[in-house]
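Structure first, commentary second.
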Amino acid sequence: MRTATFSSIPRGLTILLTAAAVLAPLLLILYQSFLTAPFFDARKTVGIGAYEFIFADPDFWHASLNSVVIATCMVIIAVPLGGVLAFVMERTDLPGKRWIEPLILVPSFVSPMVLAFGFVVAAGPVGFYTVWVTEIFGGAPWGIYSLTAIGIIAGLLHVPNVYVYASAALKSLGSDVEEAARVAGASPFRVAATVSLPLIMPAMLFAAVLVFFLGFELFGLPLVLGDPEGHLVLSTYLYKLTNKLGTPSYHLMAAVAICIVAVTFPLVLLQRYLLQNSRKYATIKGKAGRMRELPLGKWKWVAAGLIGLWLFVGVIVPLSGITLRAFVSNWGYGAKLSEVFTLEHFQSVFDEPILVRAIWNTVLIGTVGGAIAVACYCAIGFATHRRNDGWSRFVDYLVLVPRAIPGLLAGLAFLWVFLFFPPLQPLRTTIFSMWLAYTVVWLAYGMRLISSSLMQVSTELEEAARTVGATRGQISRQITLPLIKHGLIASWLLVFMIFEREYSTGVYLLAPGTEVIGAQLVSLWQGGAIDVVAALSLINVVLVGVGLALALRFGVKLRD
Amino acid sequence: MPELTVDDLHLTYGDNPILKGVSLTLNRGEVVSLLGPSGSGKTTLLRAVAGLETPHKGAIRIGDKAVFDGAAGTDIPAEGRNLGLVFQSYALWPHKTVFDNVAYGLKLRKIGHDEVKTRVTTALEQLSLGHLGERFPHQLSGGQQQRVALARALVYNPPVILLDEPLSNLDAKLREEARAWLRELIIRMQLSALCVTHDQSEALAMSDRILLLNNGRIEQQGTPQEMYGNPESLFTADFMGSNNKLTGRVLEVRDGAALIEGDGWKLWGTARQSAKAGSDGTAMIRLERIRLFDGPGENRLEAGLTTSMYLGDKWEHLFALGEARLRAYGDKPIAAGRHWLDVPRESLWVF
Amino acid sequence: MFQRCLCIAFALFGSVAMAQTTPPGYPADYAQTIAAANKEGKVVIYSALDTKAAQPLIKDFNALYPGIKVEYSDLNSTELYNRFIAESASGQGSADVMWSSAMDLQVKLVDEGHALAYLSPEAGKLPTWAVYRNQAYGTTYEPAVFIYNKRLVTADEVPQDHASFAKLINTKVDKFKGKVTTYDIEKSGVGFMIMVQDAKYFAGMKELEQGFGASSYRVYGSTGNMLEKVSSGEHLLGYNVLGSYALVRAKKDQALGVVLPKDYTLVLSRVLFIGKQAKNPNAAKLWTDYILSQRGQKLIGSDVELFSIRNDVDAEYTAASLNKQLGANNVKPIPVSAEIVTYLDQKKRLDFLNAFKATLASGAAGR
């Protein structure tokens with residue numbers, strides 16, 4: 001085995017910078033959690049007071065319990081639905097699959113803030129749909145502010161996360177193993193129950209852990225929907241601590257963040273372990289080839305209806321709500337939509353230089369920023385590509401770390417870094433600070449995109465270049481990079497959409513010059529500028545929509 | 001001086017030893033084949049020579065230059081070894097044209113634009129690819145791709161060219177033509193080639209020398225004729241060619257001959273090293289050495305015909321002798337019933 | 001086009017001329033401050049008032065001092081504070097002017113020595129309670145009001161004072177269950193501060209809090225959310241809402257009704273001070289004086305739609321008009337004083353919060 005040495009300076013530099021960008025904020029948070037005041041305050045002392053405080057605070061325990069309840073709810077709902085959806089989409093003759101596929105993934109590309117807000121105006125106690133239904137039937141049998149409701153909505157919105165893994169697993173499961181079972185005499189449903197599903201079990205388990213873990217990081221949804229009835233989850237509890245004591249309680253927030261990381265990081269590691277296991281399963285895949293689609297018969301319409309219902313609830317209701325709200329001056333019982341129609345909200349958005357800058361910055365961070373982010377992910381990818389040494393393993397784990405830190409806190413930590421690390425100070429009020437935080441927070445996602453592209457390059461193509469005399473650097477530039485070009489463009493589009501959607505990371509980094517729509521939405525929502533929130537949300541959805549349309553146009557696979 | 005010397009090479013994947021002390025030499029203008037069943041380590045050995053695997057012990061020298069020396073800690077990376085390697089999959093870069101695929105090695109060597117052009121053109125002409133320079137790999141047939149891969153490996157005149165299962169990706173018909181063409185090319189260009197294959201007929205046809213690997217060690221090496229005609233071990237004998245195998249007990253070993261007895265038969269053959277009187281042994285004879293007769297004689301076996309298979313240029317007959325099964329070639333169909341199989345003493349090896 | 005250019009030219013000419021003259025009643029050396037401020041060329045303002053609302057002030061200030069660029073950022077009041085202390089600690093310098101409705105946090109910053117001592121020439125025109133240690137100034141006069149949904153709350157139900165509000169939510173529990181809203185005093189510093197003042201002035205506070213509990217009241221972090229929810233009918237009544245915002249929205253929104261409580265109306269004042277580390281102290285002084293001046297206050301009372309704190313201003317929204325409408329004795333301004341930082345002490349704050357919650361719970365349990 002090769003010894004663990006840096007074989008090149010660029011590689012060492014890449015690893016060093018990555019480690020700094022990932023670990024500096026985390027260590028800062030850890031340090032802050034053991035202080036009694038902001039770390040820059042001269043009166044701070046070291047101690048575990050912060051932990052004592054939050055552990056003694058009943059709200060913390062309520063929030064923890066709520067997080068567990070919601071996360072569990074999400075697993076119970078999203079995993080079976082996602083699995084069934086994947087089976088129906090991959091293995092049956094459901095009509096219109098080509099159209100349904102991109103729609104299924106929409107919830108994962110729209111900001112939860114926007115969706116949550118959409119639910120309030122569409123299905124809240126006086127939402128558009130609630131009012132219509134009440135006018136027709138005299139009552140609407142739903143509420144969206146209870147803990148269960150939040151859990152159900154969150155579950156429905158995370159179906160795509162499960163779907164993506166389940167359908168990928170089903171795809172890689174060659175049709176030959178299923179055909180073998182058919183030939184041996186098993187009915188299609190028996191094949192599903194005894195062959196297909198057991199074989200994709202590892203992927204389902206992986207997705208379950210993923211969803212549970214996302215449940216712990218949920219922020220936008222409980223922020224908006226949990227407000228009226230005062231349901232806190234860990235991330236909104238953390239956010240509330242900004243003000244609970246009148247002055248900012250960074251030490252308490254850091255302590256909560258460490259508690260969240262203590263739950264999420266083991267989950268991330270578990271996920272990694274499961275992924276490796278499911279890859280083992282995947283190696284038994286058979287020949288690629290289209291399996292004969294399972295005829296659904298009259299069940300076809302039931303399946304289509306259920307998918308339609310889910311899409312209606314998860315996508316159409318909130319998005320139509322937000323669209324309507326963006327064009328009316330007030331709403332609720334007694335408001336006639338034709339009378340309250342207005343374009344004023346968009347006028348306000350475009351009249352306000354900050355919001356215009358936010359839109360511009362959001363576009364910029366998605367396009368240019370997304371491209372640079374992909375370039376960075378690519379550099380990191382190359383630093384570990386085809387190297388099985390200690391540094392590669394270190395980077396493998398390193399890129400998982402940001403996944404475990406809630407974006408909200410990562411953003412705060414980056415603010416500190418930019419405030420107190422002199423070389424970065426001049427960049428704090430530029431969009432660069434936001435970009436760096438985004439890039440680090442989405443590191444794990446980006447690296448997955450890049451490494452799946454890299455994995456598609458056959459080892460032999462690179463070895464062939466080595467034997468004709470190319471060095472690692474030359475291979476990376478002249479062979480591998482051109483080969484993954486298409487994959488990189490696809491990654492860029494996906495990162496674009498993720499960056500357009502991102503909201504929590506920017507909350508604390510928001511400053512004159514760094515405005516982005518996502519964070520601006522949180523801030524405006526807190527400030528209660530609902531008109532502007534609606535208009536800006538719609539603009540955000542349109543931006544994501546443009547990305548989505550481009551992605552579909554260029555045949556980008558919307559999942560990694 | 002040999003172009004390539006491998007000396008006592010050891011290589012391990014984790015706890016799993018792949019090469020357990022392999023040595024070989026390759027002289028100028030010589031084609032050496034590494035032959036062996038899958039898992040014998042032949043491809044690993046080739047990749048270790050190329051620098052794509054790192055051994056933990058032993059030495060590899062190209063000419064007089066050590067490219068790997070476990071004791072001295074020398075390990076020149078693949079790109080520094082100046083070897084040509086043709087991959088089993090060809091590994092042509094799909095984003096480069098044929099011309100650029102071939103030119104890449106020259107460009108890496110900082111050779112001037114004009115010279116690159118001349119040399120690539122020459123190489124492509126030599127391999128009858130002259131008109132395909134502007135094409136992309138996916139626009140070529142399998143045989144053409146193979147030749148591009150070869151041109152790519154040859155264009156910078158490496159002292160040794162390494163071929164990993166060069167013919168296995170071609171379909172059966174093309175394979176035989178390509179084999180002849182490749183042998184001719186190697187001779188014409190006076191290449192020194194190390195070639196991995198699992199197909200014994202390919203090895204026999206292509207090579208000046210064959211190294212048979214078994215489980216990380218060299219079982220036997222020699223010219224194709226030696227390997228086929230004078231195998232030292234049962235493994236070698238069994239691996240090279242189509243054989244009849246009979247197990248029994250060695251009764252007697254005398255003057256290089258051995259008498260072996262089985263269930264209802266007794267034969268004289270040449271004694272190999274492992275044959276010991278009084279112990280269990282195996283008798284082996286190539287299918288093509290058996291001749292059929294209508295009556296008994298010395299060193300003949302009487303067996304019943306089970307069935308016959310028509311192979312086009314000949315017939316293959318299947319016989320049953322107690323529990324044992326025997327096969328023999330014939331030039332015509334034969335009647336059902338008893339037949340006598342003549343086993344020449346000098347052609348039967350007793351192990 | 002030509003006309004427009006001409007206008008700008010005149011405006012420029014006029015304002016340059018004005019900038020050179022010391023405003024009447026100002027000390028003679030004020031011209032030097034103006035000159036120094038022009039040299040600084042800009043003023044950085046952190047404010048809790050959103051940019052859009054502040055636009056008339058910025059424009060007018062620019063007309064007055066065209067050489068000074070206003071870099072205005074709006075942040076919510078807590079963020080404002082966080083950012084200011086973090087930036088100050090990092091030594092990079094922070095805002096020149098801090099202008100926030102979180103009166104307690106502003107006073108705390110002054111007490112901790114973050115403010116530059118500056119006696120504005122306009123200070124004498126302000127009520128004495130609005131001037132703090134010659135460092136911080138109350139700039140507005142914003143009442144805390146009740147709001148209600150006009151479509152769904154009948155005229156006779158609309159509470160006119162604190163006692164009737166408490167009575168209404170305690171008696172008509174069925175109608176108002178889940179329909180009453182106020183600030184989340186854990187999330188909003190402003191909300192907390194007003195609630196503390198209520199405890200001081202309103203004898204029926206306990207009944208009110210129990211009423212909140214009984215009607216399972218809903219809480220939000222900002223006035224905007226409360227306005228939205230009451231306007232839409234999701235909630236019916238809002239308590240302690242910032243009157244300036246409510247009145248603005250009520251003008252356009254037929255569904256929204258606003259009540260200035262008759263028994264007493266609390267008044268908040270946005271507090272402004274100049275940062276001690278200000279890089280543009282002179283420009284900051286000009287901004288401070290401008291905001292406090294009659295000219296600035298007139299805009300605050302009209303286009304900006306806050307309430308002017310000065311008595312000598314003639315505009316739609318002024319302290320004078322409010323006092324006249326409610327009776328000067330019934331208007332209770334929260335003074336810019338050391339007293340308001342009492343509840344920034346962690347223990348006192350938590351005690352207040354816990355007592356508040358306990359009363360809520362008893363109210364909820366009573367039903």
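Note on naming: chains are A, B, ... as they come in the structure tokens, residues start from 1 per chain, ligands start from 1 in the order shown.
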Return as a PDB file with C-alpha atoms, in the first residue's frame the residues belonging to chain A that are within 9 Å of chain C, counting only C-alpha atoms.
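Wrote it out as selection28.pdb, contents follow:
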```pdb
ATOM      1  CA  PRO A  38     -20.451  35.709  23.370  1.00  0.00           C
ATOM      2  CA  PHE A  40     -15.911  38.164  21.762  1.00  0.00           C
ATOM      3  CA  ASP A  41     -17.281  39.595  24.980  1.00  0.00           C
ATOM      4  CA  ALA A  42     -14.615  40.503  27.499  1.00  0.00           C
ATOM      5  CA  GLY A 124     -54.578  27.772   7.034  1.00  0.00           C
ATOM      6  CA  PRO A 125     -57.708  28.524   9.083  1.00  0.00           C
ATOM      7  CA  VAL A 126     -58.706  31.212   6.596  1.00  0.00           C
ATOM      8  CA  GLY A 127     -56.662  30.030   3.622  1.00  0.00           C
ATOM      9  CA  ASP A 227     -45.721  29.691  15.264  1.00  0.00           C
ATOM     10  CA  PRO A 228     -49.467  30.063  15.814  1.00  0.00           C
ATOM     11  CA  GLU A 229     -49.744  27.229  18.329  1.00  0.00           C
ATOM     12  CA  GLY A 230     -46.261  27.747  19.675  1.00  0.00           C
ATOM     13  CA  TYR A 239     -33.705  30.559  16.788  1.00  0.00           C
ATOM     14  CA  LYS A 240     -35.934  31.721  19.601  1.00  0.00           C
ATOM     15  CA  LEU A 241     -32.942  31.882  21.926  1.00  0.00           C
ATOM     16  CA  THR A 242     -31.741  34.835  19.900  1.00  0.00           C
ATOM     17  CA  ASN A 243     -34.170  36.867  21.913  1.00  0.00           C
ATOM     18  CA  LYS A 244     -35.479  34.948  24.853  1.00  0.00           C
ATOM     19  CA  LEU A 245     -33.137  36.612  27.326  1.00  0.00           C
ATOM     20  CA  GLY A 246     -33.475  40.013  25.745  1.00  0.00           C
ATOM     21  CA  THR A 247     -29.930  40.001  24.488  1.00  0.00           C
ATOM     22  CA  PRO A 248     -28.401  37.388  22.203  1.00  0.00           C
ATOM     23  CA  SER A 329     -53.880  43.060  -0.845  1.00  0.00           C
ATOM     24  CA  ASN A 330     -55.807  41.133   1.789  1.00  0.00           C
ATOM     25  CA  TRP A 331     -57.529  37.799   2.082  1.00  0.00           C
ATOM     26  CA  GLY A 332     -59.601  35.576   4.328  1.00  0.00           C
ATOM     27  CA  TYR A 333     -63.327  35.433   5.024  1.00  0.00           C
ATOM     28  CA  GLY A 334     -65.241  38.099   3.233  1.00  0.00           C
ATOM     29  CA  ALA A 335     -62.427  39.177   0.945  1.00  0.00           C
ATOM     30  CA  SER A 348     -42.796  47.194  -3.540  1.00  0.00           C
ATOM     31  CA  ASP A 351     -38.987  49.643  -5.540  1.00  0.00           C
ATOM     32  CA  GLU A 352     -36.810  48.493  -2.717  1.00  0.00           C
ATOM     33  CA  PRO A 353     -33.124  48.478  -3.685  1.00  0.00           C
ATOM     34  CA  ILE A 354     -32.328  45.865  -1.026  1.00  0.00           C
ATOM     35  CA  TRP A 416     -18.110  35.020  13.423  1.00  0.00           C
ATOM     36  CA  LEU A 419     -15.939  39.117  11.731  1.00  0.00           C
ATOM     37  CA  PHE A 420     -12.912  37.961  13.636  1.00  0.00           C
ATOM     38  CA  PHE A 421     -10.554  36.402  11.086  1.00  0.00           C
ATOM     39  CA  GLN A 425     -12.959  40.779   7.236  1.00  0.00           C
ATOM     40  CA  TYR A 508     -27.354  35.458  10.320  1.00  0.00           C
ATOM     41  CA  LEU A 510     -27.641  38.763   6.037  1.00  0.00           C
ATOM     42  CA  ALA A 511     -26.052  42.198   5.827  1.00  0.00           C
ATOM     43  CA  PRO A 512     -26.058  45.086   3.412  1.00  0.00           C
ATOM     44  CA  SER A 523     -36.182  38.093   7.978  1.00  0.00           C
ATOM     45  CA  LEU A 524     -39.217  39.615   6.271  1.00  0.00           C
ATOM     46  CA  TRP A 525     -41.436  36.882   7.664  1.00  0.00           C
ATOM     47  CA  GLN A 526     -40.155  37.634  11.143  1.00  0.00           C
ATOM     48  CA  GLY A 527     -40.807  41.280  10.508  1.00  0.00           C
ATOM     49  CA  GLY A 528     -44.270  40.490   9.247  1.00  0.00           C
ATOM     50  CA  ALA A 529     -43.920  42.058   5.803  1.00  0.00           C
ATOM     51  CA  ILE A 530     -46.201  39.396   4.420  1.00  0.00           C
ATOM     52  CA  ASP A 531     -47.057  41.151   1.176  1.00  0.00           C
TER      53      ASP A 531
END
```
Wanna dump the chain B-chain A contacts at 7 Å for me, each residue with its shortest atom pair and the distance in Å to one decimal, counting only C-alpha atoms, ordered by chain and number, as a Markdown table?
```
| residue | atom | partner | partner_atom | distance |
| --- | --- | --- | --- | --- |
| B:Ala50 | CA | A:Thr467 | CA | 6.7 |
| B:Thr54 | CA | A:Met1 | CA | 6.5 |
| B:Ala78 | CA | A:Thr467 | CA | 5.5 |
| B:Glu79 | CA | A:Gly469 | CA | 3.8 |
| B:Gly80 | CA | A:Gly469 | CA | 6.1 |
| B:Asn82 | CA | A:Gly469 | CA | 6.4 |
| B:Leu83 | CA | A:Thr467 | CA | 6.2 |
| B:Gly84 | CA | A:Thr467 | CA | 6.3 |
| B:Leu85 | CA | A:Thr467 | CA | 6.3 |
| B:Ala91 | CA | A:Leu461 | CA | 4.8 |
| B:Leu92 | CA | A:Leu461 | CA | 6.6 |
| B:Trp93 | CA | A:Leu461 | CA | 6.2 |
| B:His95 | CA | A:Leu483 | CA | 6.5 |
| B:Gly105 | CA | A:Val468 | CA | 5.0 |
| B:Leu108 | CA | A:Ala470 | CA | 6.4 |
| B:Ala153 | CA | A:Val468 | CA | 6.8 |
```
Could you give me, as a PDB file with N, CA and C atoms, in the first residue's frame, the residues within 6 Å of region 131-141 of chain C, counting only C-alpha atoms and dropping anything in the same chain fewer than 3 positions from it?
```pdb
ATOM      1  N   ALA C 117     -21.026  60.790  23.171  1.00  0.00           N
ATOM      2  CA  ALA C 117     -21.761  61.864  23.829  1.00  0.00           C
ATOM      3  C   ALA C 117     -21.940  63.003  22.835  1.00  0.00           C
ATOM      4  N   TYR C 118     -23.184  63.384  22.603  1.00  0.00           N
ATOM      5  CA  TYR C 118     -23.436  64.482  21.682  1.00  0.00           C
ATOM      6  C   TYR C 118     -24.739  65.158  22.065  1.00  0.00           C
ATOM      7  N   LEU C 119     -24.646  66.402  22.428  1.00  0.00           N
ATOM      8  CA  LEU C 119     -25.849  67.141  22.762  1.00  0.00           C
ATOM      9  C   LEU C 119     -26.365  67.808  21.491  1.00  0.00           C
ATOM     10  N   THR C 128     -38.416  65.918  27.998  1.00  0.00           N
ATOM     11  CA  THR C 128     -37.212  65.563  28.754  1.00  0.00           C
ATOM     12  C   THR C 128     -37.013  64.051  28.835  1.00  0.00           C
ATOM     13  N   VAL C 267     -46.829  54.478  24.719  1.00  0.00           N
ATOM     14  CA  VAL C 267     -46.157  55.059  23.561  1.00  0.00           C
ATOM     15  C   VAL C 267     -44.682  54.676  23.573  1.00  0.00           C
ATOM     16  N   LEU C 268     -44.240  54.129  22.456  1.00  0.00           N
ATOM     17  CA  LEU C 268     -42.830  53.781  22.299  1.00  0.00           C
ATOM     18  C   LEU C 268     -42.129  54.870  21.518  1.00  0.00           C
ATOM     19  N   SER C 269     -40.856  54.973  21.720  1.00  0.00           N
ATOM     20  CA  SER C 269     -40.113  55.953  20.959  1.00  0.00           C
ATOM     21  C   SER C 269     -38.855  55.295  20.407  1.00  0.00           C
ATOM     22  N   ARG C 270     -38.674  55.374  19.115  1.00  0.00           N
ATOM     23  CA  ARG C 270     -37.469  54.814  18.500  1.00  0.00           C
ATOM     24  C   ARG C 270     -36.252  55.576  19.015  1.00  0.00           C
ATOM     25  N   VAL C 271     -35.274  54.860  19.524  1.00  0.00           N
ATOM     26  CA  VAL C 271     -34.125  55.515  20.137  1.00  0.00           C
ATOM     27  C   VAL C 271     -32.960  55.550  19.152  1.00  0.00           C
ATOM     28  N   LEU C 272     -32.334  56.710  19.095  1.00  0.00           N
ATOM     29  CA  LEU C 272     -31.222  56.896  18.160  1.00  0.00           C
ATOM     30  C   LEU C 272     -29.984  57.341  18.933  1.00  0.00           C
ATOM     31  N   PHE C 273     -28.834  56.766  18.617  1.00  0.00           N
ATOM     32  CA  PHE C 273     -27.589  57.316  19.164  1.00  0.00           C
ATOM     33  C   PHE C 273     -26.459  57.164  18.154  1.00  0.00           C
ATOM     34  N   PHE C 307     -45.052  58.537  14.257  1.00  0.00           N
ATOM     35  CA  PHE C 307     -45.583  59.717  14.935  1.00  0.00           C
ATOM     36  C   PHE C 307     -44.434  60.617  15.350  1.00  0.00           C
ATOM     37  N   SER C 308     -44.579  61.897  15.024  1.00  0.00           N
ATOM     38  CA  SER C 308     -43.551  62.859  15.419  1.00  0.00           C
ATOM     39  C   SER C 308     -43.579  63.040  16.923  1.00  0.00           C
ATOM     40  N   ILE C 309     -42.385  63.126  17.516  1.00  0.00           N
ATOM     41  CA  ILE C 309     -42.313  63.278  18.963  1.00  0.00           C
ATOM     42  C   ILE C 309     -42.401  64.744  19.367  1.00  0.00           C
ATOM     43  N   ALA C 319     -47.270  63.641  18.163  1.00  0.00           N
ATOM     44  CA  ALA C 319     -47.531  63.477  19.582  1.00  0.00           C
ATOM     45  C   ALA C 319     -48.688  64.379  19.994  1.00  0.00           C
TER      46      ALA C 319
END
```
Expressed in Å to a single decimal, how great is the separation between CA of Ile334 (chain C) and CA of Gln106 (chain C)? 13.3 Å
Set the distance at 10 Å and use only C-alpha atoms: which residues neighbour Glu53 (chain B) once local chain neighbours fewer than 3 positions away are removed? I'd like the list as a ChimeraX atom specification. /A:1-2 /B:11-13,44-50,56,77-78
In region 11-77 of chain A, DSSP helix (DSSP H, G or I) residues written as a PyMOL selection string: chain A and resi 11-33+49-56+58-77
May I have the residues within 6 Å of Ile45 (chain C) as a PyMOL selection string, using only C-alpha atoms and disregarding those fewer than 5 positions away in the same chain? chain C and resi 72+95-97
Just want the 6 Å neighbourhood of Val340 (chain A), counted on only C-alpha atoms, with same-chain residues fewer than 2 positions away dropped. Output as a PDB file with N, CA and C atoms, in the first residue's frame.
```
ATOM      1  N   VAL A 328     -52.870  39.691  -4.109  1.00  0.00           N
ATOM      2  CA  VAL A 328     -54.009  40.313  -3.425  1.00  0.00           C
ATOM      3  C   VAL A 328     -53.525  41.170  -2.267  1.00  0.00           C
ATOM      4  N   SER A 329     -54.299  42.181  -1.927  1.00  0.00           N
ATOM      5  CA  SER A 329     -53.880  43.060  -0.845  1.00  0.00           C
ATOM      6  C   SER A 329     -54.325  42.513   0.501  1.00  0.00           C
ATOM      7  N   LEU A 337     -61.670  38.078  -4.090  1.00  0.00           N
ATOM      8  CA  LEU A 337     -60.369  38.124  -4.744  1.00  0.00           C
ATOM      9  C   LEU A 337     -60.319  39.158  -5.856  1.00  0.00           C
ATOM     10  N   SER A 338     -61.447  39.335  -6.555  1.00  0.00           N
ATOM     11  CA  SER A 338     -61.428  40.279  -7.675  1.00  0.00           C
ATOM     12  C   SER A 338     -61.264  41.711  -7.175  1.00  0.00           C
TER      13      SER A 338
END
```
Could you name the residues that touch region 187-190 of chain B at 9 Å or less, counting only C-alpha atoms, but leaving out those on the same chain fewer than 3 positions away, as a ChimeraX atom specification? /B:28-31,182-184
Can you spit out the residues from that selection as an mmCIF file, in the first residue's frame, using N, CA and C atoms?
```cif
data_model
loop_
_atom_site.group_PDB
_atom_site.id
_atom_site.type_symbol
_atom_site.label_atom_id
_atom_site.label_comp_id
_atom_site.auth_asym_id
_atom_site.auth_seq_id
_atom_site.Cartn_x
_atom_site.Cartn_y
_atom_site.Cartn_z
ATOM 1 N N ARG B 28 14.717 -8.785 -25.838
ATOM 2 C CA ARG B 28 14.363 -7.922 -26.955
ATOM 3 C C ARG B 28 13.759 -8.743 -28.090
ATOM 4 N N GLY B 29 12.669 -8.256 -28.648
ATOM 5 C CA GLY B 29 12.033 -8.918 -29.770
ATOM 6 C C GLY B 29 11.276 -10.179 -29.395
ATOM 7 N N GLU B 30 11.048 -10.356 -28.130
ATOM 8 C CA GLU B 30 10.415 -11.590 -27.682
ATOM 9 C C GLU B 30 8.973 -11.308 -27.245
ATOM 10 N N VAL B 31 8.095 -12.296 -27.470
ATOM 11 C CA VAL B 31 6.733 -12.183 -26.953
ATOM 12 C C VAL B 31 6.565 -13.214 -25.856
ATOM 13 N N LEU B 182 -1.672 -9.675 -35.295
ATOM 14 C CA LEU B 182 -0.922 -9.140 -34.168
ATOM 15 C C LEU B 182 0.462 -9.777 -34.099
ATOM 16 N N ARG B 183 0.496 -11.094 -34.303
ATOM 17 C CA ARG B 183 1.776 -11.806 -34.276
ATOM 18 C C ARG B 183 2.701 -11.246 -35.362
ATOM 19 N N GLU B 184 2.109 -11.038 -36.506
ATOM 20 C CA GLU B 184 2.894 -10.535 -37.627
ATOM 21 C C GLU B 184 3.433 -9.137 -37.330
#
```
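Coordinates place CA of Gly555 (chain A) at a distance of 21.4 Å from CA of Ala373 (chain A).
Distance-wise, CA of Gly281 (chain B) and CA of Arg249 (chain B) end up 5.4 Å apart.
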DSSP strand (DSSP E) residues within region 161-321 of chain C, as a PyMOL selection string: chain C and resi 180-183+218-220+237-242+256-259+265-268+271-274
